[in-house]
file upload.txt (compact mmCIF, C-alpha atoms)
# COMPACT_ATOMS: atom_id res chain seq x y z
CA MET W 1 0.00 0.00 0.00
CA CYS W 2 1.20 3.50 -0.73
CA GLY W 3 2.04 5.96 2.03
CA ALA W 4 -0.26 7.88 4.33
CA LYS W 5 -2.32 10.77 3.02
CA ALA W 6 -2.39 13.89 5.12
CA GLY W 7 -5.75 14.60 6.76
CA GLY W 8 -9.01 12.70 6.52
CA PRO W 9 -10.82 11.19 3.54
CA GLU W 10 -11.96 13.31 0.59
CA LEU W 11 -15.10 15.35 1.31
CA ALA W 12 -16.52 15.22 -2.22
CA GLY W 13 -20.22 14.35 -2.07
CA VAL W 14 -20.50 15.03 1.69
CA ASP W 15 -23.01 17.64 2.90
CA VAL W 16 -20.47 19.44 5.06
CA ALA W 17 -22.77 22.37 5.92
CA ASN W 18 -25.33 20.10 7.58
CA GLU W 19 -23.00 17.56 9.18
CA THR W 20 -20.60 17.69 12.10
CA ILE W 21 -17.58 15.85 10.81
CA ILE W 22 -14.59 14.58 12.73
CA GLN W 23 -11.99 12.94 10.55
CA GLY W 24 -8.28 12.34 10.19
CA SER W 25 -5.62 9.68 9.95
CA VAL W 26 -3.63 7.28 12.10
CA THR W 27 0.06 6.94 11.32
CA ARG W 28 3.25 5.49 12.74
CA ASP W 29 6.52 7.01 11.49
CA GLY W 30 4.58 8.63 8.63
CA GLU W 31 3.08 5.34 7.46
CA PRO W 32 -0.65 4.54 7.71
CA VAL W 33 -1.61 2.07 10.41
CA ASN W 34 -4.46 -0.39 10.09
CA GLY W 35 -6.50 -0.42 13.22
CA TYR W 36 -9.61 1.10 14.71
CA VAL W 37 -10.73 4.52 15.90
CA ARG W 38 -13.41 4.88 18.59
CA LEU W 39 -15.46 8.01 19.21
CA LEU W 40 -16.23 8.60 22.91
CA ASP W 41 -18.69 11.26 24.08
CA ALA W 42 -18.06 13.98 26.67
CA SER W 43 -18.63 11.50 29.50
CA GLY W 44 -16.24 8.98 27.99
CA GLU W 45 -19.09 6.77 26.75
CA PHE W 46 -18.56 4.81 23.53
CA THR W 47 -20.43 6.36 20.60
CA ALA W 48 -18.97 4.78 17.47
CA GLU W 49 -16.01 2.94 16.05
CA VAL W 50 -14.59 2.55 12.54
CA PRO W 51 -11.67 0.66 11.06
CA THR W 52 -9.04 2.87 9.46
CA SER W 53 -8.87 2.78 5.66
CA ALA W 54 -5.90 1.39 3.75
CA THR W 55 -4.44 4.90 3.90
CA GLY W 56 -4.98 5.12 7.68
CA GLN W 57 -7.95 7.47 7.43
CA PHE W 58 -11.21 7.65 9.37
CA ARG W 59 -14.35 9.82 9.53
CA PHE W 60 -17.26 10.27 11.94
CA PHE W 61 -20.55 12.09 11.53
CA ALA W 62 -21.06 13.41 15.04
CA ALA W 63 -22.89 16.26 16.79
CA PRO W 64 -21.44 19.58 18.00
CA GLY W 65 -19.53 19.26 21.28
CA SER W 66 -16.54 17.68 23.00
CA TRP W 67 -15.41 14.19 22.02
CA THR W 68 -12.48 11.87 22.53
CA LEU W 69 -10.94 9.86 19.71
CA ARG W 70 -9.30 6.59 20.76
CA ALA W 71 -7.05 4.86 18.25
CA LEU W 72 -6.64 1.10 18.78
CA VAL W 73 -3.83 -0.50 16.80
CA PRO W 74 -1.74 -3.63 17.40
CA GLY W 75 0.33 -2.86 20.48
CA ALA W 76 -0.93 0.69 21.19
CA THR W 77 -3.93 2.76 22.32
CA VAL W 78 -3.85 6.57 21.87
CA ASP W 79 -6.50 9.11 23.00
CA ARG W 80 -7.05 12.59 21.51
CA ALA W 81 -9.57 15.20 22.71
CA VAL W 82 -11.49 17.14 20.02
CA VAL W 83 -14.23 19.79 19.83
CA ALA W 84 -16.56 19.51 16.82
CA GLN W 85 -18.85 22.12 15.22
CA GLN W 86 -21.62 21.76 12.69
CA GLY W 87 -20.73 22.96 9.21
CA GLN W 88 -17.01 22.50 9.78
CA PHE W 89 -14.88 19.42 9.58
CA THR W 90 -12.45 18.80 12.40
CA GLU W 91 -9.20 17.24 11.22
CA VAL W 92 -7.20 15.13 13.65
CA ALA W 93 -3.84 13.51 12.86
CA ILE W 94 -3.11 10.72 15.33
CA THR W 95 0.39 9.31 15.59
CA VAL W 96 0.88 6.06 17.48
CA MET M 27 -25.79 -23.26 28.72
CA SER M 28 -22.53 -21.66 29.69
CA ARG M 29 -20.05 -19.21 28.26
CA SER M 30 -17.78 -21.94 26.88
CA ASP M 31 -20.69 -23.42 24.88
CA VAL M 32 -21.29 -20.25 22.91
CA LEU M 33 -18.06 -18.22 23.00
CA VAL M 34 -14.61 -19.30 21.82
CA SER M 35 -11.26 -17.56 21.97
CA ALA M 36 -9.07 -16.61 19.04
CA ASP M 37 -6.64 -19.36 20.11
CA TRP M 38 -9.44 -21.93 19.95
CA VAL M 39 -10.39 -20.80 16.44
CA GLN M 40 -6.75 -20.85 15.34
CA ASP M 41 -6.51 -24.48 16.54
CA HIS M 42 -9.65 -25.50 14.61
CA LEU M 43 -9.07 -23.81 11.24
CA ASP M 44 -8.54 -27.19 9.55
CA ASP M 45 -11.25 -29.06 11.42
CA PRO M 46 -13.79 -30.08 8.74
CA LYS M 47 -16.68 -30.07 11.23
CA VAL M 48 -15.96 -26.50 12.35
CA VAL M 49 -17.17 -23.86 9.91
CA VAL M 50 -15.88 -20.33 10.51
CA VAL M 51 -18.27 -17.75 9.07
CA GLU M 52 -17.60 -14.03 8.61
CA VAL M 53 -20.59 -11.70 8.86
CA ASP M 54 -19.82 -8.01 8.54
CA GLU M 55 -21.69 -4.76 8.38
CA ASP M 56 -19.26 -3.83 5.62
CA THR M 57 -20.02 -6.83 3.44
CA SER M 58 -16.92 -6.19 1.31
CA ALA M 59 -14.54 -6.71 4.27
CA TYR M 60 -14.33 -10.42 3.42
CA ASP M 61 -13.16 -9.55 -0.10
CA LYS M 62 -10.18 -7.69 1.34
CA ASN M 63 -9.09 -10.51 3.63
CA HIS M 64 -10.52 -12.98 6.10
CA ILE M 65 -9.63 -15.81 8.47
CA ARG M 66 -8.32 -18.80 6.54
CA ASN M 67 -11.06 -21.25 5.51
CA ALA M 68 -13.82 -18.86 6.61
CA VAL M 69 -16.94 -18.58 4.44
CA ARG M 70 -19.01 -15.42 4.15
CA ILE M 71 -22.63 -14.73 4.92
CA ASP M 72 -23.89 -11.36 3.69
CA TRP M 73 -26.33 -10.06 6.31
CA LYS M 74 -28.19 -8.03 3.70
CA LYS M 75 -28.28 -10.20 0.59
CA ASP M 76 -28.29 -13.61 2.28
CA LEU M 77 -30.31 -13.04 5.44
CA GLN M 78 -33.00 -10.53 4.40
CA ASP M 79 -36.03 -11.07 2.23
CA PRO M 80 -35.29 -9.24 -1.05
CA VAL M 81 -38.70 -7.52 -1.16
CA ARG M 82 -40.42 -7.31 2.23
CA ARG M 83 -38.72 -6.04 5.38
CA ASP M 84 -38.23 -9.43 7.00
CA PHE M 85 -35.85 -12.35 7.21
CA VAL M 86 -35.39 -15.06 4.65
CA ASP M 87 -37.90 -17.74 5.47
CA GLN M 88 -37.13 -21.25 6.69
CA ALA M 89 -36.69 -22.62 3.17
CA GLY M 90 -34.46 -19.69 2.29
CA PHE M 91 -32.28 -20.32 5.34
CA GLU M 92 -32.02 -23.99 4.41
CA ALA M 93 -30.98 -23.10 0.87
CA LEU M 94 -28.40 -20.61 2.14
CA LEU M 95 -26.73 -22.97 4.59
CA SER M 96 -26.84 -25.85 2.11
CA ALA M 97 -25.10 -23.71 -0.51
CA LYS M 98 -22.46 -22.60 2.02
CA GLY M 99 -21.68 -26.24 2.79
CA ILE M 100 -22.87 -26.05 6.39
CA ALA M 101 -24.38 -29.24 7.81
CA ASN M 102 -26.78 -29.55 10.73
CA ASP M 103 -24.13 -31.20 12.89
CA ASP M 104 -21.36 -28.70 12.10
CA THR M 105 -20.03 -26.35 14.72
CA VAL M 106 -20.50 -22.85 13.34
CA VAL M 107 -18.20 -20.10 14.62
CA LEU M 108 -19.28 -16.59 13.68
CA TYR M 109 -17.09 -13.52 13.66
CA GLY M 110 -17.19 -10.04 12.16
CA GLY M 111 -16.26 -6.41 12.48
CA ASN M 112 -17.89 -3.75 14.67
CA ASN M 113 -17.30 -5.81 17.79
CA ASN M 114 -19.33 -8.70 16.37
CA TRP M 115 -22.56 -6.69 15.88
CA PHE M 116 -23.59 -8.52 12.74
CA ALA M 117 -22.00 -11.79 13.84
CA SER M 118 -24.23 -11.59 16.94
CA TYR M 119 -27.17 -10.82 14.67
CA ALA M 120 -26.35 -13.93 12.61
CA PHE M 121 -25.91 -15.96 15.82
CA TRP M 122 -29.43 -14.98 16.84
CA TYR M 123 -30.60 -15.99 13.36
CA PHE M 124 -28.93 -19.40 13.62
CA LYS M 125 -30.67 -19.88 16.98
CA LEU M 126 -33.96 -18.61 15.54
CA TYR M 127 -33.80 -21.39 12.94
CA GLY M 128 -32.63 -23.95 15.48
CA HIS M 129 -28.98 -24.63 14.61
CA GLY M 130 -27.48 -26.91 17.26
CA ASP M 131 -23.92 -25.76 17.83
CA VAL M 132 -23.15 -22.13 17.07
CA LYS M 133 -20.54 -19.95 18.75
CA LEU M 134 -19.07 -16.48 18.54
CA LEU M 135 -15.37 -15.75 18.21
CA ASP M 136 -14.76 -13.55 21.26
CA GLY M 137 -13.64 -10.12 20.06
CA GLY M 138 -14.43 -10.88 16.42
CA ARG M 139 -12.37 -9.53 13.60
CA LYS M 140 -10.94 -6.67 15.64
CA LYS M 141 -9.39 -8.89 18.30
CA TRP M 142 -8.00 -11.12 15.56
CA GLU M 143 -6.43 -8.10 13.84
CA LEU M 144 -5.13 -6.47 17.03
CA ASP M 145 -3.44 -9.81 17.83
CA SER M 146 -1.80 -9.57 14.35
CA ARG M 147 -3.11 -13.05 13.49
CA GLU M 148 -3.06 -14.39 9.93
CA LEU M 149 -5.66 -13.21 7.40
CA VAL M 150 -5.69 -14.59 3.87
CA ASP M 151 -6.47 -12.67 0.66
CA GLY M 152 -10.11 -12.20 -0.23
CA ASP M 153 -10.00 -14.54 -3.23
CA LYS M 154 -8.93 -17.53 -1.12
CA VAL M 155 -12.40 -18.97 -0.62
CA PRO M 156 -12.69 -22.51 0.79
CA GLU M 157 -14.50 -25.16 -1.20
CA ARG M 158 -17.18 -26.81 0.87
CA PRO M 159 -19.46 -29.34 -0.83
CA ALA M 160 -23.14 -28.43 -0.66
CA THR M 161 -25.23 -30.01 2.09
CA ALA M 162 -28.95 -30.69 2.55
CA TYR M 163 -29.49 -28.43 5.54
CA LYS M 164 -32.76 -28.71 7.45
CA ALA M 165 -33.85 -25.69 9.50
CA GLN M 166 -36.52 -25.65 12.17
CA ALA M 167 -39.49 -23.31 12.30
CA GLN M 168 -38.63 -19.88 13.73
CA ASP M 169 -38.30 -19.89 17.51
CA ALA M 170 -40.81 -17.18 18.42
CA SER M 171 -39.56 -17.09 22.00
CA ILE M 172 -36.51 -15.00 21.07
CA ARG M 173 -38.04 -12.52 18.59
CA ALA M 174 -40.17 -9.50 19.53
CA PHE M 175 -42.53 -7.59 17.22
CA ARG M 176 -43.77 -4.01 17.53
CA ASP M 177 -46.95 -4.91 19.42
CA ASP M 178 -44.87 -6.84 21.97
CA VAL M 179 -42.83 -3.69 22.54
CA VAL M 180 -45.84 -1.42 23.01
CA ALA M 181 -47.34 -3.99 25.42
CA ALA M 182 -44.06 -4.15 27.36
CA ILE M 183 -44.05 -0.43 28.22
CA GLY M 184 -44.09 -0.16 31.99
CA SER M 185 -44.35 -3.92 32.55
CA LYS M 186 -41.34 -5.73 31.10
CA ASN M 187 -37.70 -4.74 30.88
CA LEU M 188 -37.04 -2.71 27.76
CA VAL M 189 -33.34 -2.31 27.07
CA ASP M 190 -32.34 0.29 24.50
CA VAL M 191 -28.77 -0.56 23.57
CA ARG M 192 -28.06 2.43 21.34
CA SER M 193 -25.61 5.18 22.25
CA PRO M 194 -26.80 7.82 24.77
CA ASP M 195 -27.13 10.40 21.98
CA GLU M 196 -29.40 8.14 19.93
CA PHE M 197 -31.45 7.29 23.04
CA SER M 198 -31.97 10.94 24.00
CA GLY M 199 -32.93 11.87 20.44
CA ARG M 200 -29.83 13.89 19.61
CA LEU M 201 -28.82 11.47 16.86
CA LEU M 202 -30.90 9.17 14.67
CA ALA M 203 -28.13 6.75 13.74
CA PRO M 204 -24.67 5.66 14.89
CA ALA M 205 -22.12 8.43 14.54
CA HIS M 206 -20.11 6.78 11.78
CA LEU M 207 -23.13 6.73 9.47
CA PRO M 208 -24.80 9.77 7.91
CA GLN M 209 -27.90 10.92 9.73
CA GLU M 210 -30.99 9.22 8.34
CA GLN M 211 -33.58 6.55 9.17
CA SER M 212 -36.65 6.75 11.44
CA GLN M 213 -39.20 9.55 11.21
CA ARG M 214 -38.84 10.54 14.86
CA PRO M 215 -35.93 10.44 17.32
CA GLY M 216 -36.17 9.28 20.92
CA HIS M 217 -36.86 6.01 22.72
CA VAL M 218 -39.64 3.74 23.96
CA PRO M 219 -40.98 5.05 27.29
CA THR M 220 -39.65 3.14 30.34
CA ALA M 221 -36.72 1.72 28.32
CA LYS M 222 -33.37 1.75 30.05
CA ASN M 223 -30.40 2.95 28.04
CA ILE M 224 -27.63 0.41 28.43
CA PRO M 225 -25.41 0.80 25.38
CA TRP M 226 -24.22 -2.47 23.84
CA SER M 227 -20.66 -1.18 24.24
CA LYS M 228 -20.86 -1.60 28.01
CA ASN M 229 -20.90 -5.36 27.42
CA ALA M 230 -17.53 -5.33 25.72
CA ASN M 231 -13.92 -4.46 26.39
CA ASP M 232 -12.03 -2.10 24.06
CA ASP M 233 -10.68 -5.07 22.08
CA GLY M 234 -14.22 -6.31 21.43
CA THR M 235 -14.14 -9.29 23.82
CA PHE M 236 -17.06 -9.68 26.21
CA LYS M 237 -16.70 -8.70 29.84
CA SER M 238 -16.84 -11.47 32.45
CA ASP M 239 -20.19 -12.91 33.56
CA ASP M 240 -19.80 -11.23 36.95
CA GLU M 241 -19.11 -7.84 35.37
CA LEU M 242 -22.06 -8.26 33.02
CA ARG M 243 -24.48 -9.26 35.76
CA ALA M 244 -23.28 -6.30 37.86
CA LEU M 245 -23.84 -3.99 34.89
CA TYR M 246 -27.52 -4.91 34.48
CA GLU M 247 -28.18 -4.96 38.21
CA ALA M 248 -26.59 -1.50 38.60
CA GLU M 249 -28.95 -0.22 35.89
CA ASN M 250 -31.91 -1.66 37.82
CA VAL M 251 -32.84 -4.26 35.24
CA ASP M 252 -34.91 -6.81 37.14
CA LEU M 253 -33.47 -10.01 35.68
CA SER M 254 -36.42 -12.01 37.03
CA LYS M 255 -38.68 -10.24 34.50
CA ASP M 256 -39.00 -10.74 30.75
CA THR M 257 -36.80 -8.51 28.63
CA ILE M 258 -36.92 -7.03 25.14
CA ALA M 259 -33.77 -5.50 23.67
CA TYR M 260 -33.75 -3.12 20.72
CA CYS M 261 -31.44 -0.74 18.87
CA ARG M 262 -31.80 0.83 15.41
CA ILE M 263 -32.08 -2.22 13.12
CA GLY M 264 -31.65 -5.10 15.56
CA GLU M 265 -27.99 -5.98 15.22
CA ARG M 266 -26.53 -4.25 18.27
CA SER M 267 -29.45 -5.53 20.34
CA ALA M 268 -28.67 -9.05 19.09
CA LEU M 269 -25.35 -8.61 20.90
CA THR M 270 -27.14 -7.64 24.12
CA TRP M 271 -29.57 -10.52 23.57
CA PHE M 272 -26.50 -12.79 23.32
CA VAL M 273 -25.21 -11.45 26.65
CA LEU M 274 -28.49 -11.78 28.54
CA HIS M 275 -29.81 -15.00 27.00
CA GLN M 276 -26.67 -16.95 26.13
CA LEU M 277 -24.00 -15.76 28.57
CA LEU M 278 -26.12 -14.93 31.62
CA GLY M 279 -28.71 -17.62 30.92
CA GLN M 280 -31.81 -15.41 31.25
CA THR M 281 -34.71 -17.44 29.90
CA ASN M 282 -37.10 -14.89 28.46
CA VAL M 283 -35.16 -12.37 26.41
CA LYS M 284 -36.30 -11.25 22.97
CA ASN M 285 -34.60 -9.21 20.30
CA TYR M 286 -36.82 -6.64 18.55
CA ASP M 287 -35.32 -6.60 15.06
CA GLY M 288 -37.71 -3.92 13.81
CA SER M 289 -36.07 -1.70 16.40
CA TRP M 290 -35.99 2.08 16.22
CA THR M 291 -36.27 2.34 12.43
CA GLU M 292 -39.69 0.72 12.78
CA TYR M 293 -40.82 2.04 16.16
CA GLY M 294 -39.68 5.60 15.43
CA SER M 295 -41.79 5.61 12.26
CA LEU M 296 -45.03 4.19 13.74
CA VAL M 297 -48.02 6.50 13.93
CA GLY M 298 -49.43 7.09 17.38
CA VAL M 299 -47.09 5.11 19.62
CA PRO M 300 -45.65 6.79 22.73
CA ILE M 301 -42.12 8.18 22.45
CA GLU M 302 -39.94 9.79 25.07
CA LEU M 303 -37.07 12.22 24.54
CA GLY M 304 -34.08 12.93 26.77
CA SER M 305 -31.79 10.85 28.94
CA ASN M 306 -32.76 8.24 31.55

call {"tool": "encode", "arguments": {"input": "upload.txt", "output": "structure tokens"}}
result
Amino acid sequence: MCGAKAGGPELAGVDVANETIIQGSVTRDGEPVNGYVRLLDASGEFTAEVPTSATGQFRFFAAPGSWTLRALVPGATVDRAVVAQQGQFTEVAITV
Amino acid sequence: MSRSDVLVSADWVQDHLDDPKVVVVEVDEDTSAYDKNHIRNAVRIDWKKDLQDPVRRDFVDQAGFEALLSAKGIANDDTVVLYGGNNNWFASYAFWYFKLYGHGDVKLLDGGRKKWELDSRELVDGDKVPERPATAYKAQAQDASIRAFRDDVVAAIGSKNLVDVRSPDEFSGRLLAPAHLPQEQSQRPGHVPTAKNIPWSKNANDDGTFKSDDELRALYEAENVDLSKDTIAYCRIGERSALTWFVLHQLLGQTNVKNYDGSWTEYGSLVGVPIELGSN
């Protein structure tokens, strides 16, 4: 597989104005990592989980507010706090 | 019934990959995941194409289930081990299906595809599909004791346990669907009055394996679910609640637990039924 792409997946065809998007990529030493990303709500409760794409990318359609992203990959777990707003996409680059 | 009868570890599956009487079956929300790679010798069941009626909103019927399993080379006396992504959501859904049609020995791979991947275990390319000769599978009539319909849910308000296993934001009405899917589905947000919100995720560890029986029992008791009463579990389309059904009925041995597969996409579109908004 080719190297990691910066940022999240392409937004073509996504109704950005009406969605609250949190997206990004998971990399190790600049290379994409296959694993999973969980979305936890403000109380730390599980909300959703997606596998990363072949290029290490992920995307969630959330709601405005505070969230935690938790990357699960072989041998590592990394948390990142994010604040999301409707009509904007929040980009998060996670290195593990 | 005990945990070891219905749940097997990744090590156990690894040791039985060449056992001809053990059939490993992948069932994924993303039905193309199998095409990318899968556990060696695993066959695929597509929860949409294979398990749903192509026209009506319902399951394939008994004859359809027999034809499906026969074509997949699964015999009545085979041990079926189901696994999939999303912490076994759709594998649990298929498990419930296999029980609905009376399959004898069916198990879940604890942790599903995620645990297998996080362990860095072997996956083979998508085109490596095992050849299993067709069988003459015989299914039983649907076991009505584990499936709830909309009228059962309305009748259960205030009398039976209703467990809404969706995320807190879906339960309160903030979201209509899981956060990794675009917002769509039922006509109205909210939940069935008197339902308790116990998200499916509380049943599982981060790696997708189930929590211990003691932890699970403590979870439902802490949420004031009276385990001596009948229970109906629901979510959005019935797959996450199949996981909770698995926990209550198969792991904890509760006798009267039903999965409402119509779930919120049906209930939240019904005219005239009571709906509640907000958190528990």

call {"tool": "atom_distance", "arguments": {"input": "upload.txt", "atom1": "CA of Val107 in chain M", "atom2": "CA of Val34 in chain M"}}
result
8.1 Å

call {"tool": "closest_residue", "arguments": {"input": "upload.txt", "among": "W:Gly87, W:Gly44, W:Pro32, W:Pro51", "to": "Trp67 in chain W", "atoms": "all atoms listed in the file"}}
result
W:Gly44

call {"tool": "residues_around", "arguments": {"input": "upload.txt", "residues": "Thr77 in chain W", "least_positions_apart": "4", "cutoff": "10 Å", "atoms": "only C-alpha atoms", "output": "ChimeraX atom specification"}}
result
/W:35-37,70-73,96 /M:232

call {"tool": "atom_distance", "arguments": {"input": "upload.txt", "atom1": "CA of Ile94 in chain W", "atom2": "CA of Ser53 in chain W"}}
result
13.8 Å

call {"tool": "closest_residue", "arguments": {"input": "upload.txt", "among": "M:Val150, M:Val273, M:Ala230, M:Cys261", "to": "Asn113 in chain M", "atoms": "only C-alpha atoms"}}
result
M:Ala230

call {"tool": "closest_atom_pairs", "arguments": {"input": "upload.txt", "of": "chain W", "to": "chain M", "cutoff": "12 Å", "atoms": "only C-alpha atoms", "output": "Markdown table"}}
result
| residue | atom | partner | partner_atom | distance |
| --- | --- | --- | --- | --- |
| W:Gly13 | CA | M:Pro208 | CA | 11.9 |
| W:Val14 | CA | M:Pro208 | CA | 9.2 |
| W:Asp15 | CA | M:Pro208 | CA | 9.5 |
| W:Val16 | CA | M:Pro208 | CA | 11.0 |
| W:Asn18 | CA | M:Gln209 | CA | 9.8 |
| W:Glu19 | CA | M:Pro208 | CA | 8.1 |
| W:Thr20 | CA | M:Ala205 | CA | 9.7 |
| W:Ile21 | CA | M:Ala205 | CA | 9.5 |
| W:Ile22 | CA | M:His206 | CA | 9.6 |
| W:Gln23 | CA | M:His206 | CA | 10.3 |
| W:Val33 | CA | M:Leu144 | CA | 11.4 |
| W:Asn34 | CA | M:Glu143 | CA | 8.8 |
| W:Gly35 | CA | M:Leu144 | CA | 7.3 |
| W:Tyr36 | CA | M:Lys140 | CA | 7.9 |
| W:Val37 | CA | M:His206 | CA | 10.5 |
| W:Arg38 | CA | M:Asp232 | CA | 9.0 |
| W:Leu39 | CA | M:Ala205 | CA | 8.1 |
| W:Leu40 | CA | M:Ser193 | CA | 10.0 |
| W:Asp41 | CA | M:Asp195 | CA | 8.7 |
| W:Ala42 | CA | M:Asp195 | CA | 10.8 |
| W:Ser43 | CA | M:Pro194 | CA | 10.1 |
| W:Gly44 | CA | M:Pro194 | CA | 11.1 |
| W:Glu45 | CA | M:Pro194 | CA | 8.0 |
| W:Phe46 | CA | M:Ser227 | CA | 6.4 |
| W:Thr47 | CA | M:Ser193 | CA | 5.6 |
| W:Ala48 | CA | M:Ala205 | CA | 5.6 |
| W:Glu49 | CA | M:His206 | CA | 7.1 |
| W:Val50 | CA | M:His206 | CA | 7.0 |
| W:Pro51 | CA | M:Asn112 | CA | 8.4 |
| W:Thr52 | CA | M:Lys140 | CA | 11.5 |
| W:Ser53 | CA | M:Ala59 | CA | 11.1 |
| W:Ala54 | CA | M:Lys62 | CA | 10.3 |
| W:Phe58 | CA | M:His206 | CA | 9.3 |
| W:Arg59 | CA | M:His206 | CA | 6.9 |
| W:Phe60 | CA | M:His206 | CA | 4.5 |
| W:Phe61 | CA | M:Ala205 | CA | 5.0 |
| W:Ala62 | CA | M:Ala205 | CA | 5.1 |
| W:Ala63 | CA | M:Leu201 | CA | 7.6 |
| W:Pro64 | CA | M:Arg200 | CA | 10.3 |
| W:Gly65 | CA | M:Asp195 | CA | 11.7 |
| W:Trp67 | CA | M:Ala205 | CA | 11.6 |
| W:Arg70 | CA | M:Asp232 | CA | 9.7 |
| W:Ala71 | CA | M:Asp232 | CA | 10.3 |
| W:Leu72 | CA | M:Leu144 | CA | 7.9 |
| W:Val73 | CA | M:Leu144 | CA | 6.1 |
| W:Pro74 | CA | M:Leu144 | CA | 4.4 |
| W:Gly75 | CA | M:Leu144 | CA | 7.4 |
| W:Ala76 | CA | M:Leu144 | CA | 9.3 |
| W:Thr77 | CA | M:Asp232 | CA | 9.6 |

call {"tool": "residues_around", "arguments": {"input": "upload.txt", "residues": "range 169-175 of chain M", "least_positions_apart": "6", "cutoff": "9 Å", "atoms": "all atoms listed in the file", "output": "list in words"}}
result
Trp122, Lys125, Leu126, Tyr127, Gly128, Ile258, Ala259, Trp271, His275, Asn282, Val283, Lys284, Asn285, Tyr286, Asp287, Gly288 and Ser289 of chain M

call {"tool": "residues_near_point", "arguments": {"input": "upload.txt", "point": "(-20.7, -7.6, 9.4)", "cutoff": "6 Å", "atoms": "all atoms listed in the file", "output": "ChimeraX atom specification"}}
result
/M:53-56,110-111,116

call {"tool": "atom_distance", "arguments": {"input": "upload.txt", "atom1": "CA of Arg83 in chain M", "atom2": "CA of Lys255 in chain M"}}
result
29.4 Å

call {"tool": "closest_residue", "arguments": {"input": "upload.txt", "among": "M:Thr220, M:Ser96, M:Ser238, M:Asn187", "to": "Glu302 in chain M", "atoms": "all atoms listed in the file"}}
result
M:Thr220

call {"tool": "residues_around", "arguments": {"input": "upload.txt", "residues": "Asn67 in chain M", "least_positions_apart": "3", "cutoff": "9 Å", "atoms": "all atoms listed in the file", "output": "PyMOL selection string"}}
result
chain M and resi 43-44+49-51+64+150+154-157

call {"tool": "residues_around", "arguments": {"input": "upload.txt", "residues": "Val82 in chain W", "least_positions_apart": "4", "cutoff": "8 Å", "atoms": "only C-alpha atoms", "output": "VMD selection string"}}
result
chain W and resid 66 to 69 90 92

call {"tool": "closest_residue", "arguments": {"input": "upload.txt", "among": "W:Thr95, W:Ala12, W:Gln57, W:Gln85", "to": "Gly24 in chain W", "atoms": "only C-alpha atoms"}}
result
W:Gln57

call {"tool": "decode", "arguments": {"input": "upload.txt", "residues": "range 131-159 of chain M", "atoms": "C-alpha atoms", "output": "PDB file, in the first residue's frame"}}
result
ATOM      1  CA  ASP M 131     -23.920 -25.762  17.827  1.00  0.00           C
ATOM      2  CA  VAL M 132     -23.149 -22.130  17.071  1.00  0.00           C
ATOM      3  CA  LYS M 133     -20.539 -19.952  18.749  1.00  0.00           C
ATOM      4  CA  LEU M 134     -19.073 -16.478  18.539  1.00  0.00           C
ATOM      5  CA  LEU M 135     -15.367 -15.746  18.207  1.00  0.00           C
ATOM      6  CA  ASP M 136     -14.759 -13.554  21.261  1.00  0.00           C
ATOM      7  CA  GLY M 137     -13.641 -10.123  20.058  1.00  0.00           C
ATOM      8  CA  GLY M 138     -14.428 -10.877  16.425  1.00  0.00           C
ATOM      9  CA  ARG M 139     -12.367  -9.527  13.604  1.00  0.00           C
ATOM     10  CA  LYS M 140     -10.943  -6.665  15.636  1.00  0.00           C
ATOM     11  CA  LYS M 141      -9.390  -8.894  18.301  1.00  0.00           C
ATOM     12  CA  TRP M 142      -7.996 -11.123  15.561  1.00  0.00           C
ATOM     13  CA  GLU M 143      -6.427  -8.100  13.842  1.00  0.00           C
ATOM     14  CA  LEU M 144      -5.131  -6.471  17.029  1.00  0.00           C
ATOM     15  CA  ASP M 145      -3.438  -9.813  17.828  1.00  0.00           C
ATOM     16  CA  SER M 146      -1.799  -9.574  14.354  1.00  0.00           C
ATOM     17  CA  ARG M 147      -3.110 -13.051  13.490  1.00  0.00           C
ATOM     18  CA  GLU M 148      -3.062 -14.394   9.932  1.00  0.00           C
ATOM     19  CA  LEU M 149      -5.661 -13.208   7.401  1.00  0.00           C
ATOM     20  CA  VAL M 150      -5.689 -14.592   3.874  1.00  0.00           C
ATOM     21  CA  ASP M 151      -6.467 -12.670   0.664  1.00  0.00           C
ATOM     22  CA  GLY M 152     -10.113 -12.199  -0.235  1.00  0.00           C
ATOM     23  CA  ASP M 153      -9.998 -14.536  -3.231  1.00  0.00           C
ATOM     24  CA  LYS M 154      -8.927 -17.532  -1.121  1.00  0.00           C
ATOM     25  CA  VAL M 155     -12.396 -18.972  -0.624  1.00  0.00           C
ATOM     26  CA  PRO M 156     -12.688 -22.506   0.793  1.00  0.00           C
ATOM     27  CA  GLU M 157     -14.498 -25.165  -1.200  1.00  0.00           C
ATOM     28  CA  ARG M 158     -17.179 -26.808   0.868  1.00  0.00           C
ATOM     29  CA  PRO M 159     -19.465 -29.337  -0.827  1.00  0.00           C
TER      30      PRO M 159
END
